[in-house]
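Colleague: Below is the file structure_2.tsv, which contains TSV, C-alpha atoms.
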chain	number	residue	atom	x	y	z
Y	23	MET	CA	34.34	12.92	26.32
Y	24	SER	CA	32.83	15.67	24.20
Y	25	ALA	CA	30.23	17.95	25.67
Y	26	PHE	CA	26.55	17.24	25.28
Y	27	ASP	CA	23.28	18.96	26.08
Y	28	GLN	CA	21.09	16.01	27.01
Y	29	GLU	CA	21.56	12.42	28.01
Y	30	LEU	CA	19.43	9.36	27.32
Y	31	ASP	CA	20.05	6.11	29.17
Y	32	ALA	CA	18.63	3.31	27.02
Y	33	SER	CA	20.44	0.58	28.95
Y	34	GLY	CA	18.54	-2.70	29.06
Y	35	LEU	CA	16.23	-1.70	26.22
Y	36	ASN	CA	16.03	-3.77	23.07
Y	37	CYS	CA	15.30	-2.93	19.43
Y	38	PRO	CA	13.63	-0.66	18.45
Y	39	LEU	CA	13.29	1.14	21.78
Y	40	PRO	CA	16.71	2.89	21.86
Y	41	ILE	CA	15.96	4.45	18.45
Y	42	LEU	CA	12.41	5.39	19.39
Y	43	ARG	CA	13.49	6.99	22.68
Y	44	ALA	CA	16.31	8.84	20.91
Y	45	LYS	CA	13.89	10.18	18.32
Y	46	LYS	CA	11.53	11.36	21.05
Y	47	THR	CA	14.31	13.04	23.00
Y	48	LEU	CA	15.72	14.74	19.90
Y	49	ALA	CA	12.26	16.08	19.11
Y	50	GLY	CA	12.40	18.13	22.30
Y	51	MET	CA	15.85	19.57	21.52
Y	52	THR	CA	16.91	22.43	19.28
Y	53	ALA	CA	19.08	22.25	16.15
Y	54	GLY	CA	22.79	22.00	16.91
Y	55	GLN	CA	22.29	20.49	20.36
Y	56	VAL	CA	24.00	17.20	21.14
Y	57	LEU	CA	22.37	14.11	22.63
Y	58	HIS	CA	24.44	11.52	24.50
Y	59	ILE	CA	22.96	8.02	24.40
Y	60	ILE	CA	23.93	5.01	26.49
Y	61	ALA	CA	22.75	1.59	25.28
Y	62	THR	CA	23.41	-2.09	25.93
Y	63	ASP	CA	21.81	-3.47	22.77
Y	64	PRO	CA	24.68	-4.48	20.42
Y	65	GLY	CA	22.34	-3.95	17.45
Y	66	SER	CA	22.11	-0.27	18.34
Y	67	VAL	CA	25.58	0.38	16.84
Y	68	LYS	CA	24.43	-0.26	13.29
Y	69	ASP	CA	20.97	1.10	14.01
Y	70	PHE	CA	22.18	4.52	15.16
Y	71	GLU	CA	24.38	4.75	12.05
Y	72	ALA	CA	21.34	4.01	9.92
Y	73	PHE	CA	19.17	6.37	11.96
Y	74	SER	CA	21.65	9.18	11.52
Y	75	LYS	CA	22.01	8.60	7.76
Y	76	GLN	CA	18.26	8.61	7.21
Y	77	THR	CA	17.27	11.46	9.48
Y	78	GLY	CA	20.21	13.78	8.80
Y	79	ASN	CA	21.09	14.05	12.49
Y	80	GLU	CA	24.86	13.73	12.66
Y	81	LEU	CA	26.37	10.76	14.51
Y	82	MET	CA	29.44	12.49	15.96
Y	83	GLU	CA	30.71	9.58	17.99
Y	84	SER	CA	30.03	5.88	18.48
Y	85	LYS	CA	32.06	3.82	20.91
Y	86	GLU	CA	31.97	0.74	23.10
Y	87	ASP	CA	33.28	0.45	26.61
Y	88	GLY	CA	32.80	-2.48	28.96
Y	89	GLY	CA	29.78	-3.93	27.16
Y	90	LYS	CA	28.03	-0.58	26.90
Y	91	PHE	CA	27.61	1.54	23.82
Y	92	PHE	CA	27.86	5.33	23.74
Y	93	PHE	CA	26.66	7.63	21.00
Y	94	LEU	CA	26.77	11.36	20.41
Y	95	ILE	CA	24.15	12.66	18.00
Y	96	LYS	CA	23.86	16.27	16.92
Y	97	LYS	CA	20.35	17.39	16.05
Y	98	SER	CA	20.11	18.76	12.51
T	4	MET	CA	14.19	15.85	3.25
T	5	SER	CA	11.39	14.40	1.13
T	6	GLU	CA	9.04	12.22	3.13
T	7	LYS	CA	9.04	8.53	2.32
T	8	LYS	CA	5.99	6.36	2.77
T	9	LEU	CA	5.50	2.90	4.25
T	10	ALA	CA	2.32	0.85	3.83
T	11	ILE	CA	1.80	-2.32	5.89
T	12	ILE	CA	-0.93	-4.94	5.78
T	13	ALA	CA	-1.19	-6.70	9.15
T	14	THR	CA	-2.98	-10.04	8.87
T	15	LYS	CA	-1.85	-12.02	11.89
T	16	GLY	CA	-3.34	-12.01	15.39
T	17	THR	CA	-0.75	-13.81	17.50
T	18	LEU	CA	1.70	-12.36	20.01
T	19	ASP	CA	4.77	-13.13	17.90
T	20	TRP	CA	3.30	-11.83	14.66
T	21	ALA	CA	1.94	-8.72	16.32
T	22	TYR	CA	5.45	-7.36	16.76
T	23	PRO	CA	6.72	-6.90	13.17
T	24	PRO	CA	4.02	-4.43	12.07
T	25	PHE	CA	4.32	-2.27	15.19
T	26	ILE	CA	8.14	-2.40	15.33
T	27	LEU	CA	8.56	-1.53	11.65
T	28	ALA	CA	5.84	1.12	11.69
T	29	SER	CA	7.14	2.92	14.79
T	30	THR	CA	10.75	2.78	13.58
T	31	ALA	CA	9.84	4.03	10.12
T	32	ALA	CA	7.96	6.92	11.72
T	33	ALA	CA	11.06	7.71	13.79
T	34	LEU	CA	13.06	7.80	10.56
T	35	GLY	CA	10.64	10.30	9.07
T	36	TYR	CA	8.36	8.00	7.09
T	37	ASP	CA	4.66	8.66	6.70
T	38	VAL	CA	3.09	5.30	7.71
T	39	GLN	CA	-0.23	3.55	7.32
T	40	ILE	CA	-1.18	0.09	8.58
T	41	PHE	CA	-4.16	-1.77	7.17
T	42	PHE	CA	-5.46	-4.40	9.62
T	43	THR	CA	-7.36	-7.27	8.08
T	44	PHE	CA	-8.59	-10.68	9.17
T	45	TYR	CA	-6.78	-11.81	12.35
T	46	GLY	CA	-4.69	-8.64	12.31
T	47	LEU	CA	-7.78	-6.86	13.68
T	48	GLN	CA	-7.03	-8.41	17.08
T	49	LEU	CA	-4.16	-5.93	17.28
T	50	LEU	CA	-6.62	-3.03	17.35
T	51	LYS	CA	-8.53	-4.26	20.40
T	52	LYS	CA	-8.39	-1.95	23.42
T	53	LYS	CA	-7.52	-4.92	25.55
T	54	LEU	CA	-4.79	-6.77	23.70
T	55	ASP	CA	-5.24	-10.46	24.37
T	56	VAL	CA	-2.97	-12.15	21.86
T	57	LYS	CA	-1.19	-15.43	22.41
T	58	VAL	CA	1.66	-17.36	20.90
T	59	SER	CA	1.09	-20.99	19.99
T	60	PRO	CA	3.73	-23.71	19.76
T	61	LEU	CA	1.20	-25.80	17.80
T	62	GLY	CA	2.28	-26.27	14.20
T	63	ASN	CA	5.28	-24.07	14.86
T	64	PRO	CA	8.38	-26.30	14.83
T	65	GLY	CA	10.69	-23.29	14.58
T	66	MET	CA	9.68	-22.00	17.99
T	67	PRO	CA	12.43	-22.44	20.59
T	68	MET	CA	10.99	-24.24	23.61
T	69	PRO	CA	12.41	-23.64	27.09
T	70	MET	CA	13.96	-26.37	29.25
T	71	GLY	CA	14.10	-28.94	26.46
T	72	MET	CA	10.31	-29.13	26.37
T	73	ASP	CA	10.43	-29.94	22.69
T	74	LYS	CA	12.05	-33.26	23.57
T	75	TRP	CA	9.35	-34.28	26.07
T	76	PHE	CA	6.47	-32.96	24.00
T	77	PRO	CA	6.93	-33.72	20.34
T	78	VAL	CA	4.31	-32.22	17.98
T	79	LEU	CA	1.18	-33.64	19.66
T	80	GLY	CA	2.35	-32.39	23.04
T	81	THR	CA	2.05	-28.82	21.80
T	82	ALA	CA	-1.71	-29.40	21.51
T	83	ILE	CA	-2.13	-30.18	25.21
T	84	PRO	CA	-4.71	-27.85	26.79
T	85	GLY	CA	-3.05	-24.99	28.61
T	86	MET	CA	0.15	-25.21	26.59
T	87	GLU	CA	-0.70	-22.03	24.70
T	88	SER	CA	-1.22	-20.03	27.90
T	89	ILE	CA	1.98	-21.40	29.40
T	90	MET	CA	4.03	-20.56	26.31
T	91	THR	CA	2.45	-17.12	26.10
T	92	SER	CA	3.28	-16.17	29.66
T	93	MET	CA	6.78	-17.61	29.27
T	94	MET	CA	7.35	-15.59	26.11
T	95	LYS	CA	6.01	-12.41	27.76
T	96	SER	CA	8.27	-12.74	30.79
T	97	LYS	CA	11.24	-13.51	28.54
T	98	MET	CA	10.52	-10.39	26.49
T	99	LYS	CA	10.29	-8.27	29.61
T	100	ALA	CA	13.59	-9.66	30.91
T	101	LYS	CA	15.29	-8.87	27.60
T	102	GLY	CA	14.03	-5.29	27.44
T	103	VAL	CA	11.70	-5.88	24.50
T	104	ALA	CA	8.89	-3.35	24.39
T	105	SER	CA	5.37	-4.48	25.25
T	106	LEU	CA	2.88	-4.51	22.38
T	107	GLU	CA	0.81	-1.90	24.20
T	108	ASP	CA	3.79	0.45	24.41
T	109	LEU	CA	4.71	-0.02	20.75
T	110	ARG	CA	1.14	0.58	19.68
T	111	ASP	CA	0.95	3.72	21.83
T	112	ILE	CA	4.14	5.00	20.19
T	113	CYS	CA	2.61	4.29	16.77
T	114	GLN	CA	-0.43	6.36	17.68
T	115	GLU	CA	1.69	9.17	19.12
T	116	SER	CA	3.68	9.13	15.86
T	117	ASP	CA	0.50	9.83	13.87
T	118	ILE	CA	0.58	6.48	12.12
T	119	LYS	CA	-2.74	5.95	10.45
T	120	MET	CA	-4.38	2.64	11.35
T	121	ILE	CA	-7.16	1.36	9.16
T	122	ALA	CA	-9.47	-1.52	10.08
T	123	CYS	CA	-10.76	-3.66	7.22
T	124	GLN	CA	-14.52	-2.97	7.17
T	125	MET	CA	-15.28	-6.29	5.47
T	126	THR	CA	-13.55	-8.33	8.18
T	127	VAL	CA	-15.20	-6.32	10.94
T	128	ASP	CA	-18.57	-7.24	9.41
T	129	LEU	CA	-17.56	-10.82	8.67
T	130	PHE	CA	-16.58	-11.60	12.26
T	131	ASP	CA	-19.31	-9.40	13.78
T	132	MET	CA	-16.65	-7.42	15.61
T	133	ASN	CA	-17.74	-4.52	17.79
T	134	PRO	CA	-16.06	-1.19	16.89
T	135	ASN	CA	-16.39	-0.23	20.59
T	136	ASP	CA	-13.79	-2.89	21.37
T	137	PHE	CA	-11.24	-1.12	19.19
T	138	ILE	CA	-8.89	1.68	20.25
T	139	ASP	CA	-9.84	5.25	19.38
T	140	GLY	CA	-8.44	7.09	16.42
T	141	ILE	CA	-8.65	4.32	13.85
T	142	GLU	CA	-10.39	4.51	10.49
T	143	TYR	CA	-12.39	1.98	8.53
T	144	GLY	CA	-11.93	1.15	4.88
T	145	GLY	CA	-11.48	-1.44	2.20
T	146	ALA	CA	-8.94	-2.57	-0.38
T	147	ALA	CA	-9.32	0.59	-2.44
T	148	THR	CA	-8.59	2.70	0.64
T	149	PHE	CA	-5.38	0.73	1.16
T	150	PHE	CA	-4.23	1.29	-2.41
T	151	GLU	CA	-4.86	5.01	-2.22
T	152	PHE	CA	-1.85	5.20	0.11
T	153	ALA	CA	0.02	2.02	-0.91
T	154	GLY	CA	0.07	3.08	-4.56
T	155	GLU	CA	2.29	6.01	-3.75
T	156	SER	CA	4.36	4.33	-1.03
T	157	ASP	CA	8.08	3.56	-1.24
T	158	VAL	CA	7.76	0.37	0.80
T	159	ASN	CA	4.81	-2.04	0.97
T	160	LEU	CA	4.81	-4.95	3.41
T	161	PHE	CA	2.36	-7.81	3.83
T	162	ILE	CA	2.73	-9.28	7.31
Before anything else, please render the file you have as structure tokens.
Modeller:
Amino acid sequence: MSAFDQELDASGLNCPLPILRAKKTLAGMTAGQVLHIIATDPGSVKDFEAFSKQTGNELMESKEDGGKFFFLIKKS
Amino acid sequence: MSEKKLAIIATKGTLDWAYPPFILASTAAALGYDVQIFFTFYGLQLLKKKLDVKVSPLGNPGMPMPMGMDKWFPVLGTAIPGMESIMTSMMKSKMKAKGVASLEDLRDICQESDIKMIACQMTVDLFDMNPNDFIDGIEYGGAATFFEFAGESDVNLFI
């Protein structure tokens, strides 16, 4: 796994909470820092892609493992 | 990045219909949109300090009923007194179990995200609503106020 600066566990949360929590966490980080997000909402896979495209924060990694979803987002 | 704008008109005052405006508004704000919501008619219920909205199975054949209740209670059964409260508490506990945000939380996030909420002055007068019952930080206005923002918005939704 790549290195990250902060972690957000959004397990059990449903749309749009993972996105909203990620946005809030990113707001407290500095440019270039990486946020690791854990989610269980299957919709979050497409949503984090869309979030990244629209906000300019780079989605470095998106993967699934054992019913959980993991994302790495670099703050722009 | 140039800021996009989203304008929403919220007209419904039930638990199920309270979600779309707050979900879309909070998400748009997270994506960098400047957002305004204009609350009119029954939508004003969503501005009350104490949110007391319900979901009704009455006249709502698309609503999934738990435990095959739709088979025991066809149409008329949904009008039985107390059915609305039962369905509302069932829906709320289901939402909690599935990790869906509460309306209060979503509305708080909207306010923290600087989403402007405007109460329709005409409806407030029409229904003799008390502004003291509404949450702080809202504004009052009419149709022209809505268009001032909506006219230059990228997305306009009537909910």
Colleague: Extract, using only C-alpha atoms, all DNA, RNA and protein residues at most 7 Å from segment 105-111 of chain T, discarding same-chain residues fewer than 2 positions from it, and format them as a short mmCIF file (atom, residue, chain, number, x, y, z; two decimals) with C-alpha atoms, in the coordinates of the input.
Modeller:
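Below is the file selection.cif, written as the result:
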data_model
loop_
_atom_site.label_atom_id
_atom_site.label_comp_id
_atom_site.auth_asym_id
_atom_site.auth_seq_id
_atom_site.Cartn_x
_atom_site.Cartn_y
_atom_site.Cartn_z
CA TYR T 22 5.45 -7.36 16.76
CA PHE T 25 4.32 -2.27 15.19
CA ILE T 26 8.14 -2.40 15.33
CA VAL T 103 11.70 -5.88 24.50
CA CYS T 113 2.61 4.29 16.77
CA GLN T 114 -0.43 6.36 17.68
CA GLU T 115 1.69 9.17 19.12
#
Colleague: Quick one: everything within 10 Å of Thr62 of chain Y, counting only C-alpha atoms, minus sequence neighbours fewer than 3 positions away in the same chain. Send it as a list in words.
Modeller: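 With the cut-off at 10 Å, the set is Asp31, Ala32, Ser33, Gly34, Leu35, Asn36, Pro40, Gly65, Ser66, Val67, Glu86, Gly88, Gly89, Lys90, Phe91 and Phe92 of chain Y.
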Colleague: Using only C-alpha atoms, find which residues of chain Y lie within 8 Å of chain T and jot them down as a list of chain:residue names.
Modeller: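 That gives Y:Gly34, Y:Leu35, Y:Asn36, Y:Cys37, Y:Pro38, Y:Leu39, Y:Ile41, Y:Leu42, Y:Lys45, Y:Phe73, Y:Gln76, Y:Thr77 for chain Y.
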Colleague: Would you mind listing what lies within 9 Å of Trp20 of chain T as a PyMOL selection string, with only C-alpha atoms counted and same-chain residues fewer than 4 positions away left out?
Modeller: chain T and resi 13-16+24+46+58+162
Colleague: Can I get the selected residues back with C-alpha atoms, as a PDB file, in the coordinates of the input?
Modeller:
ATOM      1  CA  ALA T  13      -1.190  -6.700   9.150  1.00  0.00           C
ATOM      2  CA  THR T  14      -2.980 -10.040   8.870  1.00  0.00           C
ATOM      3  CA  LYS T  15      -1.850 -12.020  11.890  1.00  0.00           C
ATOM      4  CA  GLY T  16      -3.340 -12.010  15.390  1.00  0.00           C
ATOM      5  CA  PRO T  24       4.020  -4.430  12.070  1.00  0.00           C
ATOM      6  CA  GLY T  46      -4.690  -8.640  12.310  1.00  0.00           C
ATOM      7  CA  VAL T  58       1.660 -17.360  20.900  1.00  0.00           C
ATOM      8  CA  ILE T 162       2.730  -9.280   7.310  1.00  0.00           C
TER       9      ILE T 162
END
Colleague: Work out how far atom CA of Glu80 of chain Y is from atom CA of Ile95 of chain Y, in Å to one decimal.
Modeller: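 Going from atom CA of Ile95 of chain Y over to atom CA of Glu80 of chain Y covers 5.5 Å.
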Colleague: Do you have the atom CA of Asn159 of chain T-atom CA of Met120 of chain T distance handy?
Modeller: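 Pair atom CA of Asn159 of chain T / atom CA of Met120 of chain T returns 14.6 Å.
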Colleague: Between atom CA of Glu83 of chain Y and atom CA of Leu57 of chain Y, what distance in Å does the model show, to one decimal?
Modeller: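 It comes out at 10.6 Å.
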Colleague: Which residues are near Gly85 of chain T? Cut-off 12 Å, only C-alpha atoms, ignore same chain within fewer than 4 positions. Put them as an NGL selection string.
Modeller: :T and (57-61 or 80-81 or 89-92)
Colleague: So that I can check the surroundings of Leu9 of chain T, please list as a tab-separated table (two decimals) with C-alpha atoms, in the coordinates of the input every protein, DNA and RNA residue that reaches within 6 Å of it, counting only C-alpha atoms and ignoring chain neighbours fewer than 5 positions away.
Modeller:
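Result file is result-v1.tsv:
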chain	number	residue	atom	x	y	z
T	38	VAL	CA	3.09	5.30	7.71
T	156	SER	CA	4.36	4.33	-1.03
T	158	VAL	CA	7.76	0.37	0.80
T	159	ASN	CA	4.81	-2.04	0.97
Colleague: Here is a test: counting all atoms listed in the file, which residue of Y:Ala49, Y:Ala72, Y:Ala25, Y:Ile60 is nearest to Asp87 of chain Y?
Modeller: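 Ranked by minimum distance to Asp87 of chain Y, first place goes to Y:Ile60.
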Colleague: Choose the residue, out of T:Pro23, T:Ser88, T:Leu49, T:Thr43, that has the smallest atom-to-atom separation from Asp128 of chain T; count all atoms listed in the file.
Modeller: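 Ranked by minimum distance to Asp128 of chain T, first place goes to T:Thr43.
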Colleague: Kindly extract all protein, DNA and RNA residues lying within 12 Å of the coordinates (16.8, 14.1, 20.5) given in the file, considering all atoms listed in the file, and supply them as a ChimeraX atom specification.
Modeller: /Y:26-30,40-59,73-74,77,79-81,93-98 /T:33
Colleague: Once you have the residues from the selection above, write them out as a PDB file, in the frame of the given file, restricted to C-alpha atoms.
Modeller:
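Below is the file part_4.pdb, written as the result:
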ATOM      1  CA  PHE Y  26      26.550  17.240  25.280  1.00  0.00           C
ATOM      2  CA  ASP Y  27      23.280  18.960  26.080  1.00  0.00           C
ATOM      3  CA  GLN Y  28      21.090  16.010  27.010  1.00  0.00           C
ATOM      4  CA  GLU Y  29      21.560  12.420  28.010  1.00  0.00           C
ATOM      5  CA  LEU Y  30      19.430   9.360  27.320  1.00  0.00           C
ATOM      6  CA  PRO Y  40      16.710   2.890  21.860  1.00  0.00           C
ATOM      7  CA  ILE Y  41      15.960   4.450  18.450  1.00  0.00           C
ATOM      8  CA  LEU Y  42      12.410   5.390  19.390  1.00  0.00           C
ATOM      9  CA  ARG Y  43      13.490   6.990  22.680  1.00  0.00           C
ATOM     10  CA  ALA Y  44      16.310   8.840  20.910  1.00  0.00           C
ATOM     11  CA  LYS Y  45      13.890  10.180  18.320  1.00  0.00           C
ATOM     12  CA  LYS Y  46      11.530  11.360  21.050  1.00  0.00           C
ATOM     13  CA  THR Y  47      14.310  13.040  23.000  1.00  0.00           C
ATOM     14  CA  LEU Y  48      15.720  14.740  19.900  1.00  0.00           C
ATOM     15  CA  ALA Y  49      12.260  16.080  19.110  1.00  0.00           C
ATOM     16  CA  GLY Y  50      12.400  18.130  22.300  1.00  0.00           C
ATOM     17  CA  MET Y  51      15.850  19.570  21.520  1.00  0.00           C
ATOM     18  CA  THR Y  52      16.910  22.430  19.280  1.00  0.00           C
ATOM     19  CA  ALA Y  53      19.080  22.250  16.150  1.00  0.00           C
ATOM     20  CA  GLY Y  54      22.790  22.000  16.910  1.00  0.00           C
ATOM     21  CA  GLN Y  55      22.290  20.490  20.360  1.00  0.00           C
ATOM     22  CA  VAL Y  56      24.000  17.200  21.140  1.00  0.00           C
ATOM     23  CA  LEU Y  57      22.370  14.110  22.630  1.00  0.00           C
ATOM     24  CA  HIS Y  58      24.440  11.520  24.500  1.00  0.00           C
ATOM     25  CA  ILE Y  59      22.960   8.020  24.400  1.00  0.00           C
ATOM     26  CA  PHE Y  73      19.170   6.370  11.960  1.00  0.00           C
ATOM     27  CA  SER Y  74      21.650   9.180  11.520  1.00  0.00           C
ATOM     28  CA  THR Y  77      17.270  11.460   9.480  1.00  0.00           C
ATOM     29  CA  ASN Y  79      21.090  14.050  12.490  1.00  0.00           C
ATOM     30  CA  GLU Y  80      24.860  13.730  12.660  1.00  0.00           C
ATOM     31  CA  LEU Y  81      26.370  10.760  14.510  1.00  0.00           C
ATOM     32  CA  PHE Y  93      26.660   7.630  21.000  1.00  0.00           C
ATOM     33  CA  LEU Y  94      26.770  11.360  20.410  1.00  0.00           C
ATOM     34  CA  ILE Y  95      24.150  12.660  18.000  1.00  0.00           C
ATOM     35  CA  LYS Y  96      23.860  16.270  16.920  1.00  0.00           C
ATOM     36  CA  LYS Y  97      20.350  17.390  16.050  1.00  0.00           C
ATOM     37  CA  SER Y  98      20.110  18.760  12.510  1.00  0.00           C
TER      38      SER Y  98
ATOM     39  CA  ALA T  33      11.060   7.710  13.790  1.00  0.00           C
TER      40      ALA T  33
END
